[in-house]
file coords-v4.txt (compact mmCIF, C-alpha atoms and all ligand atoms)
# COMPACT_ATOMS: atom_id res chain seq x y z
CA MET A 4 13.79 19.47 -1.82
CA PRO A 5 14.07 16.85 1.01
CA PRO A 6 13.59 13.25 -0.26
CA ILE A 7 10.34 12.80 1.70
CA SER A 8 8.81 15.86 0.05
CA PHE A 9 9.94 14.66 -3.34
CA ALA A 10 8.35 11.27 -2.70
CA LEU A 11 5.09 12.94 -1.66
CA VAL A 12 5.08 15.02 -4.81
CA VAL A 13 5.65 11.91 -6.92
CA LEU A 14 2.86 10.06 -5.11
CA ALA A 15 0.46 12.98 -5.42
CA GLY A 16 1.32 13.37 -9.08
CA GLY A 17 0.85 9.66 -9.61
CA PHE A 18 -2.60 9.85 -8.05
CA LEU A 19 -3.67 12.97 -9.90
CA PHE A 20 -2.59 11.77 -13.32
CA SER A 21 -3.50 8.12 -13.00
CA TYR A 22 -6.48 6.88 -14.99
CA PRO A 23 -9.44 5.00 -13.59
CA LYS A 24 -8.74 1.27 -13.83
CA GLU A 25 -12.33 0.49 -14.83
CA PHE A 26 -12.08 2.68 -17.92
CA PRO A 27 -12.05 2.63 -20.96
CA PRO A 28 -15.55 1.21 -20.45
CA PRO A 29 -15.79 -2.46 -19.50
CA GLU A 30 -16.38 -4.89 -22.38
CA ASP A 31 -19.95 -5.73 -21.36
CA TYR A 32 -20.85 -2.04 -21.57
CA ARG A 33 -19.62 -1.57 -25.11
CA VAL A 34 -21.85 -1.77 -28.14
CA ASP A 35 -21.76 -5.31 -29.45
CA GLU A 36 -20.05 -6.15 -32.72
CA GLU A 37 -23.24 -7.54 -34.27
CA TRP A 38 -24.93 -4.17 -33.99
CA GLU A 39 -22.78 -3.08 -36.88
CA GLY A 40 -24.80 -5.24 -39.29
CA GLU A 41 -28.25 -4.01 -38.19
CA PRO A 42 -30.32 -1.96 -40.58
CA GLY A 43 -30.79 1.48 -39.12
CA ILE A 44 -29.07 4.77 -38.65
CA SER A 45 -25.29 4.76 -38.36
CA VAL A 46 -23.63 6.59 -35.51
CA THR A 47 -19.89 7.24 -35.19
CA TYR A 48 -18.35 8.61 -31.98
CA PHE A 49 -15.19 10.76 -32.04
CA GLY A 50 -14.80 11.45 -28.31
CA ALA A 51 -16.12 14.42 -26.29
CA SER A 52 -19.56 15.18 -27.80
CA THR A 53 -18.55 14.82 -31.45
CA ILE A 54 -20.91 12.39 -33.16
CA LEU A 55 -21.75 11.68 -36.81
CA ILE A 56 -25.31 10.46 -37.44
CA SER A 57 -26.06 9.27 -40.98
CA ASP A 58 -28.64 7.46 -43.10
CA GLU A 59 -26.01 7.14 -45.88
CA LYS A 60 -27.74 9.89 -47.88
CA THR A 61 -27.53 12.68 -45.31
CA SER A 62 -24.97 13.06 -42.51
CA ILE A 63 -25.37 15.20 -39.41
CA LEU A 64 -22.32 16.07 -37.32
CA ILE A 65 -22.80 17.11 -33.69
CA ASP A 66 -20.05 19.54 -32.55
CA GLY A 67 -17.04 18.40 -34.64
CA PHE A 68 -14.04 18.67 -32.33
CA PHE A 69 -10.98 16.81 -33.61
CA SER A 70 -7.91 18.91 -32.67
CA ARG A 71 -7.99 17.96 -28.97
CA PRO A 72 -5.02 20.12 -27.82
CA SER A 73 -3.05 18.81 -24.81
CA TRP A 74 -3.49 20.11 -21.27
CA SER A 75 -0.16 21.93 -21.49
CA ARG A 76 -1.20 23.68 -24.70
CA LEU A 77 -4.52 24.63 -23.13
CA VAL A 78 -2.83 26.08 -20.06
CA PHE A 79 0.27 27.71 -21.51
CA ARG A 80 -0.33 28.38 -25.19
CA ARG A 81 -2.78 29.81 -27.67
CA ILE A 82 -4.58 27.21 -29.73
CA SER A 83 -5.71 26.85 -33.35
CA PRO A 84 -7.46 24.07 -35.25
CA ASP A 85 -5.06 21.18 -35.96
CA VAL A 86 -5.62 20.74 -39.69
CA ASP A 87 -3.75 17.40 -39.82
CA ARG A 88 -5.89 15.86 -37.09
CA ILE A 89 -9.08 17.20 -38.64
CA THR A 90 -8.11 15.90 -42.10
CA GLU A 91 -7.25 12.48 -40.67
CA ALA A 92 -10.53 12.15 -38.76
CA LEU A 93 -12.64 13.26 -41.72
CA ALA A 94 -10.78 10.92 -44.11
CA CYS A 95 -11.27 8.03 -41.71
CA CYS A 96 -14.85 8.34 -40.69
CA ALA A 97 -16.68 11.47 -41.83
CA LYS A 98 -16.12 11.96 -45.54
CA ASP A 99 -19.55 13.48 -46.10
CA VAL A 100 -21.05 16.00 -43.71
CA ASP A 101 -24.11 18.02 -44.66
CA VAL A 102 -24.50 20.07 -41.50
CA ILE A 103 -22.75 20.64 -38.17
CA PHE A 104 -24.89 21.36 -35.12
CA VAL A 105 -22.78 23.00 -32.44
CA SER A 106 -23.90 22.96 -28.81
CA HIS A 107 -21.90 25.96 -27.56
CA SER A 108 -18.77 27.97 -28.18
CA HIS A 109 -16.24 26.37 -25.79
CA HIS A 110 -13.13 25.02 -27.50
CA ASP A 111 -14.00 21.33 -27.02
CA HIS A 112 -17.18 21.81 -29.07
CA ALA A 113 -16.60 24.67 -31.51
CA MET A 114 -12.92 25.26 -32.26
CA ASP A 115 -12.74 23.11 -35.42
CA VAL A 116 -16.12 23.90 -36.89
CA GLY A 117 -14.89 26.44 -39.46
CA VAL A 118 -12.27 24.08 -40.87
CA VAL A 119 -14.68 21.14 -40.98
CA ALA A 120 -17.29 23.28 -42.74
CA GLU A 121 -14.73 24.49 -45.26
CA ARG A 122 -13.48 20.96 -45.99
CA THR A 123 -16.91 19.35 -46.30
CA GLY A 124 -19.11 22.22 -47.47
CA ALA A 125 -21.38 21.59 -44.49
CA ASP A 126 -23.70 24.21 -43.06
CA VAL A 127 -23.03 25.32 -39.47
CA VAL A 128 -25.94 25.69 -37.05
CA GLY A 129 -25.48 27.24 -33.60
CA SER A 130 -25.37 30.43 -31.57
CA ALA A 131 -23.95 33.70 -32.92
CA SER A 132 -20.74 32.99 -30.95
CA VAL A 133 -20.35 29.67 -32.75
CA GLY A 134 -20.81 31.50 -36.06
CA ALA A 135 -18.02 33.95 -35.18
CA ILE A 136 -15.64 31.12 -34.21
CA ALA A 137 -16.45 29.21 -37.41
CA ARG A 138 -15.75 32.26 -39.55
CA ALA A 139 -12.48 32.96 -37.68
CA ALA A 140 -11.15 29.51 -38.63
CA SER A 141 -12.03 29.61 -42.28
CA GLY A 142 -10.78 31.63 -45.19
CA ALA A 143 -13.85 30.64 -47.16
CA GLN A 144 -17.46 31.67 -46.97
CA ILE A 145 -19.32 29.55 -44.44
CA ASN A 146 -23.03 28.95 -44.54
CA PHE A 147 -23.89 29.76 -40.95
CA ILE A 148 -27.47 29.32 -39.74
CA PRO A 149 -28.31 30.82 -36.34
CA THR A 150 -30.74 28.85 -34.20
CA ASN A 151 -32.98 29.30 -31.17
CA ASP A 152 -34.82 27.26 -28.59
CA ARG A 153 -37.08 24.66 -30.26
CA GLN A 154 -36.12 25.67 -33.78
CA GLU A 155 -36.39 22.94 -36.41
CA HIS A 156 -33.94 22.31 -39.24
CA LYS A 157 -34.62 19.86 -42.09
CA TYR A 158 -31.82 17.96 -43.82
CA GLY A 159 -32.82 15.07 -46.08
CA GLU A 160 -35.05 12.79 -44.02
CA PHE A 161 -33.68 14.20 -40.77
CA LEU A 162 -35.53 16.81 -38.76
CA ILE A 163 -33.25 18.28 -36.11
CA THR A 164 -34.64 20.42 -33.30
CA THR A 165 -32.38 22.57 -31.12
CA PHE A 166 -33.29 22.93 -27.43
CA GLU A 167 -31.74 25.48 -25.12
CA THR A 168 -30.50 23.55 -22.08
CA PRO A 169 -28.13 24.68 -19.32
CA HIS A 170 -24.36 24.16 -19.51
CA SER A 171 -22.76 21.83 -16.96
CA GLU A 172 -21.79 23.38 -13.62
CA PRO A 173 -19.40 24.65 -12.46
CA THR A 174 -18.08 26.13 -15.66
CA SER A 175 -15.50 28.66 -16.77
CA TYR A 176 -15.38 31.11 -19.65
CA VAL A 177 -19.00 32.19 -19.61
CA GLY A 178 -20.36 35.28 -21.35
CA ASN A 179 -20.15 37.06 -24.66
CA LEU A 180 -17.49 36.13 -27.16
CA ASN A 181 -15.20 39.01 -28.06
CA PRO A 182 -16.41 40.20 -31.50
CA ALA A 183 -12.74 40.40 -32.54
CA PHE A 184 -12.17 36.69 -31.76
CA SER A 185 -9.39 35.28 -33.95
CA TYR A 186 -6.90 32.39 -34.08
CA PRO A 187 -4.64 31.54 -32.37
CA ALA A 188 -6.76 32.00 -29.24
CA ARG A 189 -6.48 31.29 -25.55
CA VAL A 190 -8.83 28.63 -24.23
CA SER A 191 -10.39 31.38 -22.09
CA ASP A 192 -11.30 33.30 -25.27
CA PHE A 193 -13.86 30.63 -26.15
CA ARG A 194 -16.64 32.19 -24.13
CA ALA A 195 -20.00 30.45 -24.14
CA ASP A 196 -23.40 32.01 -23.73
CA VAL A 197 -26.20 29.73 -24.84
CA ASN A 198 -26.00 25.92 -24.96
CA TYR A 199 -28.11 23.56 -27.07
CA SER A 200 -29.18 19.95 -26.97
CA PHE A 201 -30.46 18.27 -30.13
CA LEU A 202 -33.23 15.90 -31.10
CA VAL A 203 -32.16 14.19 -34.34
CA HIS A 204 -35.39 12.74 -35.70
CA HIS A 205 -35.38 10.28 -38.61
CA PRO A 206 -38.18 7.91 -39.66
CA LEU A 207 -35.89 5.00 -38.67
CA LEU A 208 -34.63 6.33 -35.33
CA ARG A 209 -34.78 9.26 -32.92
CA VAL A 210 -31.58 10.28 -31.14
CA LEU A 211 -31.45 12.90 -28.38
CA VAL A 212 -27.97 14.37 -27.87
CA VAL A 213 -27.26 16.29 -24.66
CA PRO A 214 -23.69 17.58 -25.14
CA SER A 215 -23.35 19.36 -21.78
CA ALA A 216 -24.24 17.53 -18.58
CA ASN A 217 -27.00 19.52 -16.96
CA PHE A 218 -30.76 19.83 -17.07
CA GLN A 219 -33.66 22.12 -16.43
CA PHE A 220 -36.96 20.37 -15.85
CA GLY A 221 -39.30 21.03 -18.74
CA ALA A 222 -36.65 22.21 -21.22
CA LEU A 223 -37.12 18.92 -23.13
CA ARG A 224 -40.87 18.59 -22.51
CA ASP A 225 -42.78 16.75 -25.26
CA VAL A 226 -39.54 15.24 -26.61
CA GLU A 227 -39.67 11.50 -27.26
CA THR A 228 -36.58 9.56 -28.26
CA ASP A 229 -35.30 6.03 -28.84
CA VAL A 230 -31.71 6.76 -27.83
CA SER A 231 -30.32 9.33 -25.38
CA MET A 232 -26.65 10.24 -25.84
CA ILE A 233 -25.86 12.25 -22.73
CA SER A 234 -22.71 13.95 -21.55
CA ILE A 235 -21.36 12.75 -18.23
CA GLY A 236 -18.41 15.18 -18.27
CA GLY A 237 -17.64 16.58 -14.83
CA VAL A 238 -20.64 15.13 -13.00
CA SER A 239 -18.89 12.65 -10.71
CA THR A 240 -18.92 15.09 -7.79
CA LYS A 241 -22.64 15.83 -8.07
CA GLU A 242 -25.11 14.72 -5.42
CA ALA A 243 -27.59 11.89 -5.96
CA ASP A 244 -30.33 14.49 -6.61
CA PHE A 245 -28.50 15.69 -9.70
CA PHE A 246 -28.24 12.21 -11.23
CA GLU A 247 -31.90 11.48 -10.49
CA GLY A 248 -33.00 14.74 -12.12
CA TYR A 249 -30.68 14.39 -15.10
CA TRP A 250 -31.80 10.80 -15.67
CA ARG A 251 -35.47 11.78 -15.39
CA GLU A 252 -35.20 14.76 -17.76
CA ALA A 253 -32.82 13.34 -20.39
CA VAL A 254 -33.64 9.62 -20.37
CA LYS A 255 -36.67 8.33 -18.45
CA GLU A 256 -39.29 10.95 -19.36
CA ARG A 257 -38.05 10.93 -22.95
CA GLY A 258 -38.87 7.21 -23.26
CA ALA A 259 -35.30 6.26 -24.26
CA LYS A 260 -34.61 2.53 -24.62
CA LEU A 261 -30.86 3.00 -24.87
CA ILE A 262 -28.51 5.44 -23.15
CA ILE A 263 -25.04 6.12 -24.53
CA PRO A 264 -22.79 8.27 -22.30
CA ILE A 265 -20.59 10.78 -24.11
CA HIS A 266 -17.94 13.35 -23.08
CA TRP A 267 -16.38 10.91 -20.58
CA ASP A 268 -13.00 10.80 -22.35
CA ASP A 269 -9.83 12.81 -21.82
CA PHE A 270 -10.34 15.40 -24.57
CA SER A 271 -6.67 16.46 -24.39
CA GLU A 272 -5.62 13.13 -25.94
CA PRO A 273 -5.69 12.54 -29.72
CA ILE A 274 -8.63 10.53 -31.03
CA SER A 275 -8.05 6.79 -30.99
CA SER A 276 -10.20 3.70 -30.79
CA GLU A 277 -9.20 3.29 -27.13
CA LEU A 278 -9.66 6.71 -25.61
CA PRO A 279 -8.70 7.14 -21.97
CA ALA A 280 -11.23 8.56 -19.53
CA LEU A 281 -10.72 11.95 -17.95
CA PRO A 282 -7.99 11.76 -15.29
CA HIS A 283 -9.05 11.62 -11.64
CA PHE A 284 -8.21 15.23 -10.92
CA ALA A 285 -10.75 16.37 -13.53
CA ASP A 286 -13.52 13.82 -13.08
CA TYR A 287 -13.95 10.38 -11.52
CA VAL A 288 -15.82 8.70 -14.38
CA PRO A 289 -16.33 5.29 -12.69
CA ALA A 290 -18.48 7.01 -10.03
CA SER A 291 -20.78 8.44 -12.72
CA HIS A 292 -20.77 5.09 -14.54
CA GLY A 293 -21.88 3.30 -11.36
CA ARG A 294 -24.76 5.67 -10.74
CA LEU A 295 -26.09 5.53 -14.31
CA LYS A 296 -25.72 1.75 -14.34
CA LYS A 297 -28.07 1.58 -11.35
CA PHE A 298 -30.76 3.77 -12.97
CA ALA A 299 -30.53 1.83 -16.23
CA LEU A 300 -31.08 -1.46 -14.39
CA ILE A 301 -34.06 -0.13 -12.42
CA ASP A 302 -35.78 1.34 -15.48
CA GLY A 303 -34.86 -1.44 -17.91
CA VAL A 304 -32.88 0.86 -20.21
CA SER A 305 -29.96 -0.55 -22.23
CA TYR A 306 -26.70 1.17 -21.36
CA LYS A 307 -23.77 1.13 -23.77
CA TYR A 308 -20.65 3.06 -24.74
CA LEU A 309 -19.60 3.52 -28.34
CA ARG A 310 -16.10 2.57 -29.40
CA PRO A 311 -14.60 5.70 -30.96
CA LEU A 312 -14.07 5.76 -34.74
CA ARG A 313 -16.39 2.79 -35.31
CA LYS A 314 -19.55 3.19 -37.35
CA VAL A 315 -22.37 1.47 -35.52
CA LYS A 316 -25.90 0.91 -36.79
CA LEU A 317 -28.53 1.77 -34.21
CA THR A 318 -32.07 0.61 -34.63
CA ARG A 319 -35.36 0.87 -32.77
CA ARG A 320 -35.05 -2.85 -32.09
CA ILE A 321 -32.60 -2.04 -29.35
CA LYS A 322 -31.50 -4.89 -27.14
ZN ZN A 401 -18.55 23.88 -22.32
call {"tool": "encode", "arguments": {"input": "coords-v4.txt", "output": "structure tokens", "more": "lines below"}}
Ligand SMILES: [Zn+2]
result
Amino acid sequence: MPPISFALVVLAGGFLFSYPKEFPPPEDYRVDEEWEGEPGISVTYFGASTILISDEKTSILIDGFFSRPSWSRLVFRRISPDVDRITEALACCAKDVDVIFVSHSHHDHAMDVGVVAERTGADVVGSASVGAIARAASGAQINFIPTNDRQEHKYGEFLITTFETPHSEPTSYVGNLNPAFSYPARVSDFRADVNYSFLVHHPLLRVLVVPSANFQFGALRDVETDVSMISIGGVSTKEADFFEGYWREAVKERGAKLIIPIHWDDFSEPISSELPALPHFADYVPASHGRLKKFALIDGVSYKYLRPLRKVKLTRRIK
């Protein structure tokens, strides 16, 4: 290869794999330390859309993705739950889990659910595809509970409602999961059909979680929340109309006082307290950050990111 071509390749590679300088999120957009002492509901973020919400008596896990296989494994290899990474994450920050609500059956949401359920004894709630993936990962009996649009599930003082909302666009690996799904599996084997968002309602706090960044007007009608945790994965290339609609449907019309973006991190990196954002070639997170920042200012909504692996108390007295 001539030297000039080699240099171009190096430059292009450097651009594609460089990380946005403004991320991890700027200090003034991170949840403040003092929030940790507030009375309220504790929330722990594990990257992607994996979130533990707890009142210390009952703990609700959203998704439960801890293996986070690398890009090269995703492209060239078959993948299986990484038991060491799952064990480490649970031991650190999710010792008790009563139920796992899974948004859809792509690997970055569902691949670890069977192992987590086996380790914690948690129920698994999701689509039939999620149930099949959970059973494929576990040698034990799993208590799988299928759900539907606007179905309610009661756990302790929590009432969780599942809402069918569209998956982010464009997307790959859509359709019916092969009934013979087993591990190890290619990333393309994790086919997704239906996708859910969740309203986690507790007398102390209401949290709306939108794990896939898309909306359909009316899908969340009548929902009121204190906090909206919304995915921003892959939305940096969307037009202004998309952000306006997403903000209206998932934040403004829901009455949220605080928005916490999720699924902004590079989910091929192991969990750490300083997760990198998705690389430029996949998503330009600072562009999405800038747009949401503007809406939050206009509508007087607090806008914060959670530090991964840190239990934070959220309260209705949100600043
Ligand atoms: Zn997906």
call {"tool": "closest_residue", "arguments": {"input": "coords-v4.txt", "among": "A:Asn198, A:Thr168, A:Ser108, A:Ser239", "to": "Phe284 in chain A", "atoms": "all atoms listed in the file"}}
result
A:Ser239
call {"tool": "closest_residue", "arguments": {"input": "coords-v4.txt", "among": "A:Glu172, A:Glu91, A:Asp99, A:Asp66", "to": "Asp115 in chain A", "atoms": "all atoms listed in the file"}}
result
A:Asp66
call {"tool": "residues_near_ligand", "arguments": {"input": "coords-v4.txt", "ligand": "ligand ZN 401 (chain A)", "cutoff": "10 Å", "atoms": "only C-alpha atoms and all ligand atoms", "output": "list of chain:residue names"}}
result
A:Ser106, A:His107, A:Ser108, A:His109, A:His110, A:Asp111, A:His112, A:Ala113, A:His170, A:Ser171, A:Glu172, A:Pro173, A:Thr174, A:Ser175, A:Tyr176, A:Val177, A:Phe193, A:Arg194, A:Ala195, A:Asp196, A:Val197, A:Asn198, A:Pro214, A:Ser215, A:Ala216, A:Gly236
call {"tool": "residues_around", "arguments": {"input": "coords-v4.txt", "residues": "Trp250 in chain A", "least_positions_apart": "2", "cutoff": "12 Å", "atoms": "only C-alpha atoms", "output": "VMD selection string"}}
result
chain A and resid 213 216 to 220 231 to 235 243 to 248 252 to 259 262 264 291 294 to 299 301 to 302 304
call {"tool": "closest_residue", "arguments": {"input": "coords-v4.txt", "among": "A:Arg319, A:Arg122, A:Lys307, A:Arg80", "to": "His205 in chain A", "atoms": "only C-alpha atoms"}}
result
A:Arg319
call {"tool": "closest_residue", "arguments": {"input": "coords-v4.txt", "among": "A:Val116, A:Ala222, A:Glu121, A:Thr47", "to": "Ala97 in chain A", "atoms": "all atoms listed in the file"}}
result
A:Thr47
call {"tool": "atom_distance", "arguments": {"input": "coords-v4.txt", "atom1": "CA of Phe68 in chain A", "atom2": "CA of Pro182 in chain A"}}
result
21.7 Å
call {"tool": "residues_around", "arguments": {"input": "coords-v4.txt", "residues": "Thr318 in chain A", "least_positions_apart": "5", "cutoff": "8 Å", "atoms": "all atoms listed in the file", "output": "compact mmCIF listing (two decimals) with C-alpha atoms, in the frame of the given file"}}
result
# COMPACT_ATOMS: atom_id res chain seq x y z
CA GLU A 41 -28.25 -4.01 -38.19
CA PRO A 42 -30.32 -1.96 -40.58
CA GLY A 43 -30.79 1.48 -39.12
CA ILE A 44 -29.07 4.77 -38.65
CA LEU A 207 -35.89 5.00 -38.67
CA LEU A 208 -34.63 6.33 -35.33
call {"tool": "closest_residue", "arguments": {"input": "coords-v4.txt", "among": "A:Ile145, A:Ala290, A:Val212, A:Leu278", "to": "Glu242 in chain A", "atoms": "only C-alpha atoms"}}
result
A:Ala290
call {"tool": "atom_distance", "arguments": {"input": "coords-v4.txt", "atom1": "CA of Tyr199 in chain A", "atom2": "CA of Val105 in chain A"}}
result
7.6 Å
call {"tool": "atom_distance", "arguments": {"input": "coords-v4.txt", "atom1": "CA of Gly237 in chain A", "atom2": "CA of Val315 in chain A"}}
result
26.1 Å
call {"tool": "residues_around", "arguments": {"input": "coords-v4.txt", "residues": "Ser70 in chain A", "least_positions_apart": "4", "cutoff": "10 Å", "atoms": "only C-alpha atoms", "output": "ChimeraX atom specification"}}
result
/A:82-90,92,110-111,114-115,270-274
call {"tool": "closest_residue", "arguments": {"input": "coords-v4.txt", "among": "A:Ile148, A:Ile263, A:Ile65, A:Ala51", "to": "Ser200 in chain A", "atoms": "all atoms listed in the file"}}
result
A:Ile65
call {"tool": "closest_atom_pairs", "arguments": {"input": "coords-v4.txt", "of": "range 204-294 of chain A", "to": "range 153-156 of chain A", "cutoff": "12 Å", "atoms": "all atoms listed in the file", "output": "JSON lines"}}
result
{"residue": "A:His204", "atom": "CA", "partner": "A:Glu155", "partner_atom": "CA", "distance": 10.3}
{"residue": "A:Ala222", "atom": "CA", "partner": "A:Arg153", "partner_atom": "CA", "distance": 9.4}
{"residue": "A:Leu223", "atom": "CA", "partner": "A:Arg153", "partner_atom": "CA", "distance": 9.2}
{"residue": "A:Arg224", "atom": "CA", "partner": "A:Arg153", "partner_atom": "CA", "distance": 10.5}
{"residue": "A:Asp225", "atom": "CA", "partner": "A:Arg153", "partner_atom": "CA", "distance": 11.0}
{"residue": "A:Val226", "atom": "CA", "partner": "A:Arg153", "partner_atom": "CA", "distance": 10.4}
